[in-house]
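The data block below is target36.csv; it holds CSV, C-alpha atoms.
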chain,number,residue,atom,x,y,z
A,1,MET,CA,102.5,88.2,69.9
A,2,ASP,CA,102.8,86.6,66.5
A,3,HIS,CA,100.5,83.9,64.9
A,4,THR,CA,102.6,81.0,66.0
A,5,MET,CA,102.8,82.2,69.5
A,6,LYS,CA,99.0,82.6,69.6
A,7,TRP,CA,98.4,79.0,68.6
A,8,PHE,CA,101.2,77.8,70.8
A,9,GLY,CA,99.5,79.5,73.7
A,10,ILE,CA,96.0,78.1,72.9
A,11,LEU,CA,97.4,74.6,72.4
A,12,SER,CA,99.5,74.7,75.5
A,13,ILE,CA,96.5,75.7,77.7
A,14,ALA,CA,94.3,73.1,76.0
A,15,LEU,CA,96.9,70.4,76.4
A,16,ALA,CA,97.4,71.3,80.1
A,17,TYR,CA,93.7,71.0,80.8
A,18,GLY,CA,93.5,67.8,78.6
A,19,LEU,CA,96.2,66.2,80.8
A,20,LEU,CA,94.5,67.3,84.0
A,21,GLY,CA,91.2,66.1,82.7
A,22,CYS,CA,92.7,62.7,81.8
A,23,LEU,CA,94.3,62.4,85.3
A,24,MET,CA,91.0,63.3,86.9
A,25,ILE,CA,89.0,60.8,84.9
A,26,LEU,CA,91.5,58.0,85.3
A,27,SER,CA,92.0,58.6,89.0
A,28,ASP,CA,88.3,58.3,89.7
A,29,PRO,CA,86.1,57.2,86.7
A,30,GLY,CA,83.0,57.0,88.9
A,31,GLN,CA,82.9,60.7,89.7
A,32,SER,CA,80.4,62.6,87.6
A,33,ILE,CA,82.0,65.9,88.9
A,34,TRP,CA,84.8,65.6,86.2
A,35,ILE,CA,82.3,67.2,83.8
A,36,TRP,CA,82.8,70.4,85.6
A,37,PHE,CA,86.4,70.6,84.5
A,38,LEU,CA,85.0,71.3,81.0
A,39,VAL,CA,83.8,74.6,82.4
A,40,ALA,CA,87.4,75.6,82.3
A,41,PHE,CA,87.3,75.6,78.5
A,42,ILE,CA,84.5,78.2,78.5
A,43,PRO,CA,87.0,81.2,78.8
A,44,LEU,CA,89.0,79.7,75.9
A,45,THR,CA,86.1,79.9,73.5
A,46,PRO,CA,86.0,83.8,73.4
A,47,ILE,CA,89.8,83.9,73.1
A,48,THR,CA,89.7,81.7,70.0
A,49,ILE,CA,86.6,83.3,68.4
A,50,TRP,CA,87.8,86.9,69.1
A,51,LEU,CA,91.3,86.4,67.8
A,52,ILE,CA,90.0,84.7,64.6
A,53,ALA,CA,87.1,87.2,64.1
A,54,LEU,CA,89.3,90.2,64.7
A,55,GLY,CA,91.6,89.3,61.8
A,56,GLU,CA,93.9,92.1,61.0
A,57,LYS,CA,92.6,94.2,63.8
A,58,ARG,CA,94.3,92.0,66.3
A,59,ASN,CA,97.6,93.8,65.5
A,60,GLN,CA,96.1,97.3,65.9
A,61,MET,CA,97.9,99.2,68.6
A,62,VAL,CA,95.5,100.4,71.3
A,63,GLY,CA,95.8,102.1,74.7
A,64,SER,CA,95.3,100.2,77.9
A,65,GLY,CA,92.3,102.3,78.8
A,66,CYS,CA,93.5,102.7,82.4
A,67,GLY,CA,95.1,106.1,81.9
A,68,CYS,CA,98.7,104.8,82.0
A,69,GLY,CA,99.0,105.0,78.2
A,70,VAL,CA,100.5,101.6,77.5
A,71,LYS,CA,100.0,101.0,73.8
A,72,ALA,CA,100.0,97.3,72.9
A,73,PRO,CA,98.3,95.2,70.1
A,74,LEU,CA,94.7,94.4,70.6
A,75,SER,CA,95.5,90.7,70.8
A,76,ILE,CA,97.7,91.3,73.8
A,77,HIS,CA,94.9,93.1,75.6
A,78,LEU,CA,92.4,90.3,74.8
A,79,TRP,CA,94.9,87.6,75.9
A,80,LEU,CA,95.4,89.5,79.1
A,81,HIS,CA,91.7,89.8,79.8
A,82,GLN,CA,90.8,86.2,78.8
A,83,THR,CA,93.7,84.5,80.6
A,84,THR,CA,92.8,86.5,83.7
A,85,ILE,CA,89.2,85.3,83.5
A,86,LEU,CA,90.5,81.8,82.9
A,87,TRP,CA,92.7,82.0,86.0
A,88,ILE,CA,90.0,83.4,88.2
A,89,VAL,CA,87.4,80.9,87.0
A,90,THR,CA,89.7,78.0,87.6
A,91,MET,CA,90.7,79.4,91.1
A,92,PHE,CA,87.0,79.3,92.1
A,93,MET,CA,86.5,75.9,90.5
A,94,ALA,CA,89.5,74.5,92.5
A,95,ASP,CA,88.1,76.1,95.6
A,96,GLN,CA,84.7,74.4,95.0
A,97,PHE,CA,86.3,71.0,94.3
A,98,ALA,CA,88.3,71.2,97.5
A,99,LYS,CA,85.1,71.2,99.5
A,100,GLN,CA,83.9,68.0,97.8
A,101,ASP,CA,84.5,64.5,99.1
A,102,LEU,CA,86.9,63.3,96.4
A,103,SER,CA,89.7,60.8,96.1
A,104,PRO,CA,93.3,62.0,96.9
A,105,ALA,CA,94.4,61.8,93.2
A,106,PHE,CA,91.3,63.7,92.1
A,107,ARG,CA,92.0,66.3,94.8
A,108,PHE,CA,95.6,66.7,93.5
A,109,ALA,CA,94.3,67.2,89.9
A,110,THR,CA,91.7,69.7,90.9
A,111,SER,CA,94.1,71.7,93.1
A,112,MET,CA,96.3,72.1,90.0
A,113,LEU,CA,93.5,73.5,87.9
A,114,PRO,CA,94.5,77.2,88.3
A,115,LEU,CA,98.1,76.5,87.3
A,116,PRO,CA,97.8,76.6,83.5
A,117,GLY,CA,95.7,79.8,83.7
A,118,PHE,CA,98.3,81.4,86.1
A,119,VAL,CA,101.2,80.5,83.7
A,120,ALA,CA,99.2,81.9,80.8
A,121,VAL,CA,98.6,85.2,82.7
A,122,ALA,CA,102.3,85.5,83.6
A,123,LEU,CA,103.4,84.9,80.0
A,124,VAL,CA,101.0,87.4,78.6
A,125,GLU,CA,102.0,89.9,81.3
A,126,LEU,CA,105.6,89.5,80.2
A,127,ALA,CA,104.6,90.2,76.6
A,128,TYR,CA,102.6,93.2,77.8
A,129,VAL,CA,105.6,94.7,79.7
A,130,LYS,CA,107.6,94.6,76.4
A,131,TYR,CA,105.3,97.2,75.0
A,132,MET,CA,105.9,99.6,78.0
A,133,ASP,CA,108.4,102.4,77.6
A,134,GLU,CA,111.1,102.9,80.2
A,135,PHE,CA,109.0,105.4,82.2
A,136,GLN,CA,106.0,103.1,82.4
A,137,ARG,CA,108.3,100.2,83.5
A,138,ARG,CA,109.6,102.5,86.3
A,139,ILE,CA,106.0,103.2,87.4
A,140,LEU,CA,105.2,99.5,87.4
A,141,LEU,CA,108.3,98.7,89.4
A,142,GLU,CA,107.5,101.3,92.0
A,143,ALA,CA,103.9,100.2,92.1
A,144,LEU,CA,105.0,96.6,92.8
A,145,ALA,CA,107.5,97.9,95.4
A,146,ILE,CA,104.6,99.5,97.2
A,147,ALA,CA,102.0,96.8,96.6
A,148,PHE,CA,104.0,93.7,97.6
A,149,PRO,CA,105.1,94.8,101.1
A,150,ALA,CA,101.7,96.3,101.7
A,151,ALA,CA,99.9,93.0,100.9
A,152,LEU,CA,102.4,91.2,103.1
A,153,ALA,CA,101.9,93.7,105.9
A,154,VAL,CA,98.1,93.2,105.7
A,155,CYS,CA,98.5,89.4,105.7
A,156,PHE,CA,100.9,89.4,108.6
A,157,ILE,CA,99.0,91.9,110.7
A,158,GLY,CA,95.8,89.9,109.8
A,159,GLY,CA,97.4,86.7,110.9
A,160,ASN,CA,98.7,88.2,114.2
A,161,MET,CA,95.2,89.7,114.9
A,162,GLN,CA,93.7,86.3,114.2
A,163,GLU,CA,96.1,84.6,116.6
A,164,ALA,CA,95.4,87.3,119.2
A,165,GLY,CA,91.7,86.6,118.8
A,166,VAL,CA,90.9,90.1,117.7
A,167,ILE,CA,89.4,89.0,114.4
A,168,SER,CA,87.6,85.7,113.6
A,169,ALA,CA,89.5,82.9,111.9
A,170,VAL,CA,89.9,83.2,108.1
A,171,ASN,CA,91.9,81.2,105.7
A,172,ILE,CA,95.0,83.3,105.4
A,173,ASN,CA,96.2,81.4,102.2
A,174,LYS,CA,93.1,82.7,100.4
A,175,MET,CA,93.6,86.3,101.6
A,176,ILE,CA,97.0,86.9,100.0
A,177,TRP,CA,96.1,87.0,96.4
A,178,PRO,CA,93.0,89.3,96.7
A,179,TRP,CA,95.2,91.7,98.8
A,180,MET,CA,97.8,91.8,96.1
A,181,VAL,CA,95.1,92.8,93.6
A,182,PHE,CA,93.6,95.4,96.0
A,183,THR,CA,97.0,96.9,96.9
A,184,ILE,CA,98.3,97.2,93.3
A,185,ILE,CA,95.6,99.6,92.4
A,186,PRO,CA,96.3,102.3,95.0
A,187,ALA,CA,100.1,101.5,94.6
A,188,TYR,CA,99.8,102.3,90.9
A,189,ALA,CA,97.9,105.6,91.8
A,190,ILE,CA,100.7,106.5,94.3
A,191,ALA,CA,103.4,105.8,91.8
A,192,TRP,CA,101.7,107.9,89.1
A,193,TRP,CA,101.0,110.7,91.6
A,194,ARG,CA,104.8,111.0,92.3
A,195,TYR,CA,105.5,111.7,88.7
A,196,ARG,CA,102.4,113.8,87.8
B,1,MET,CA,119.3,116.8,86.2
B,2,LYS,CA,117.7,119.8,84.3
B,3,ASN,CA,116.7,120.0,80.7
B,4,ARG,CA,115.5,122.4,78.0
B,5,LEU,CA,113.0,119.9,76.5
B,6,ARG,CA,110.0,122.1,77.0
B,7,VAL,CA,111.7,125.2,75.3
B,8,LEU,CA,113.0,123.1,72.4
B,9,ARG,CA,109.7,121.5,71.9
B,10,ALA,CA,107.9,124.9,72.0
B,11,GLU,CA,110.4,126.3,69.4
B,12,ARG,CA,109.4,123.5,67.0
B,13,GLU,CA,105.7,123.9,67.9
B,14,TRP,CA,105.5,120.2,68.8
B,15,SER,CA,102.9,118.9,71.3
B,16,GLN,CA,104.0,116.5,74.0
B,17,ALA,CA,102.1,113.8,72.2
B,18,GLU,CA,103.9,114.6,68.9
B,19,LEU,CA,107.3,114.5,70.6
B,20,ALA,CA,106.4,111.2,72.4
B,21,ASP,CA,105.4,109.7,69.0
B,22,ARG,CA,108.7,110.7,67.4
B,23,ALA,CA,110.7,109.4,70.4
B,24,GLY,CA,108.7,106.2,70.6
B,25,VAL,CA,107.7,106.8,74.3
B,26,SER,CA,104.5,107.7,76.1
B,27,ARG,CA,103.3,111.3,76.5
B,28,GLN,CA,103.5,110.8,80.2
B,29,ALA,CA,107.2,110.0,79.9
B,30,ILE,CA,107.8,113.3,78.0
B,31,ASN,CA,105.8,115.2,80.7
B,32,ALA,CA,107.8,113.6,83.5
B,33,ILE,CA,111.1,114.4,81.8
B,34,GLU,CA,110.1,118.0,81.2
B,35,THR,CA,109.0,118.6,84.8
B,36,GLY,CA,112.3,117.1,85.9
B,37,LYS,CA,110.6,114.3,87.8
B,38,TYR,CA,112.2,111.6,85.6
B,39,ASP,CA,115.7,111.4,84.1
B,40,PRO,CA,115.7,109.5,80.8
B,41,SER,CA,118.0,106.6,80.0
B,42,LEU,CA,121.1,107.2,77.8
B,43,PRO,CA,119.4,105.7,74.7
B,44,LEU,CA,116.4,107.9,75.1
B,45,ALA,CA,118.5,111.0,75.7
B,46,PHE,CA,120.4,110.2,72.5
B,47,LYS,CA,117.2,109.7,70.6
B,48,LEU,CA,115.9,113.1,71.8
B,49,SER,CA,119.2,114.7,70.9
B,50,ARG,CA,118.9,113.3,67.4
B,51,LEU,CA,115.3,114.6,67.2
B,52,PHE,CA,116.3,118.1,68.2
B,53,GLU,CA,119.6,117.9,66.2
B,54,LEU,CA,121.5,119.1,69.2
B,55,PRO,CA,124.3,117.5,71.3
B,56,ILE,CA,123.0,115.9,74.5
B,57,GLU,CA,124.7,118.5,76.8
B,58,GLU,CA,122.7,121.3,75.1
B,59,ILE,CA,119.5,119.6,76.1
B,60,PHE,CA,120.4,118.0,79.5
B,61,PHE,CA,122.7,119.5,82.1
B,62,PRO,CA,123.4,118.9,85.8
B,63,ASP,CA,121.3,120.6,88.4
B,64,GLU,CA,123.4,123.3,90.2
B,65,ASN,CA,122.0,122.2,93.5
B,66,GLY,CA,123.3,118.7,92.9
B,67,LYS,CA,119.8,117.2,92.8
B,68,ASN,CA,119.5,113.8,91.1
B,69,GLU,CA,123.3,113.7,90.4
Re-express the file's structure as structure tokens.
Amino acid sequence: MDHTMKWFGILSIALAYGLLGCLMILSDPGQSIWIWFLVAFIPLTPITIWLIALGEKRNQMVGSGCGCGVKAPLSIHLWLHQTTILWIVTMFMADQFAKQDLSPAFRFATSMLPLPGFVAVALVELAYVKYMDEFQRRILLEALAIAFPAALAVCFIGGNMQEAGVISAVNINKMIWPWMVFTIIPAYAIAWWRYR
Amino acid sequence: MKNRLRVLRAEREWSQAELADRAGVSRQAINAIETGKYDPSLPLAFKLSRLFELPIEEIFFPDENGKNE
């Protein structure tokens, strides 16, 4: 990720949150809760500070540390961590906002909060995949091929059990993404094990 | 597909990591190719053939049992 791309990324995320913030304030100026959207900027601070402070080290090639041997510039790893934090923080923020008694426009704006973080994660993931060799891409593809149906199966079985009254009611929408995270880890392990 | 990668690498006293560095892939990729678990792409096979200064067919050859063909 070059210098221009880095600043483009930071500005895009800041602009997206700025627009969302404006929408939230304009839609309901009386709400003091809009201040909380500023919390979304907290994860952006370490990104900026780290990337500037690291200087030349940001281009240093480092391993992923998860044993899969993907070597990518330090800046990509930092972007990956920070955008993931941004995404998770905004997901929980949106979840909290959804429980508040807010106007419809405000609700729309707060429900969109995780979107810029998600787009940022997806873009950094794409940049990260470029640093994988053909074998590592094969492993990733196989891991996804295992994890995606496994997460779907868990959700569908969970939904059926819920309808059958075997398990208590849970919000199935909020179960899918954690299951994708939980299934990708064993799926990765299985894919690696096949080629050990 | 079978290959002589391990033998050729041993002849040159290269470690898996060293060969991986030269070929621009991960050590795990070299290990998987050597153990026959993974067949490299054509560009990687050409790169390996250039590194060993041998034609591709002297490094990679079909499995007699027809496995992975």
TODO: Work out how far CA of Tyr188 in chain A is from CA of Asn3 in chain B, in Å to one decimal.
DONE: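 Rounded to one decimal, the two atoms are 26.5 Å apart.
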Task: Among the residues B:Lys47, B:Pro40, B:Glu34, B:Glu57, the one that comes closest to Ala10 in chain B [using all atoms listed in the file] - done: B:Glu34
Task: Distance criterion (all atoms listed in the file): nearest to Val70 in chain A out of B:Glu13, B:Ala29, B:Asp39, B:Met1 - done: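 Checking each of B:Glu13, B:Ala29, B:Asp39, B:Met1 against Val70 in chain A, counting all atoms listed in the file, the winner is B:Ala29.
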Open item on the list: Using all atoms listed in the file, can you tell me which of B:Val25, B:Ala17, B:Ile33, B:Leu44 comes closest to Leu5 in chain B?
Closed with: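 Under the stated criterion, the closest residue is B:Ile33.
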- [ ] Pull the neighbourhood of (110.7, 112.8, 86.7) for me: all residues within 12 Å in file coordinates, counting only C-alpha atoms, as a PyMOL selection string.
- [x] (chain A and resi 134-136+138-139+191-196) or (chain B and resi 1-3+28-41+67-68)
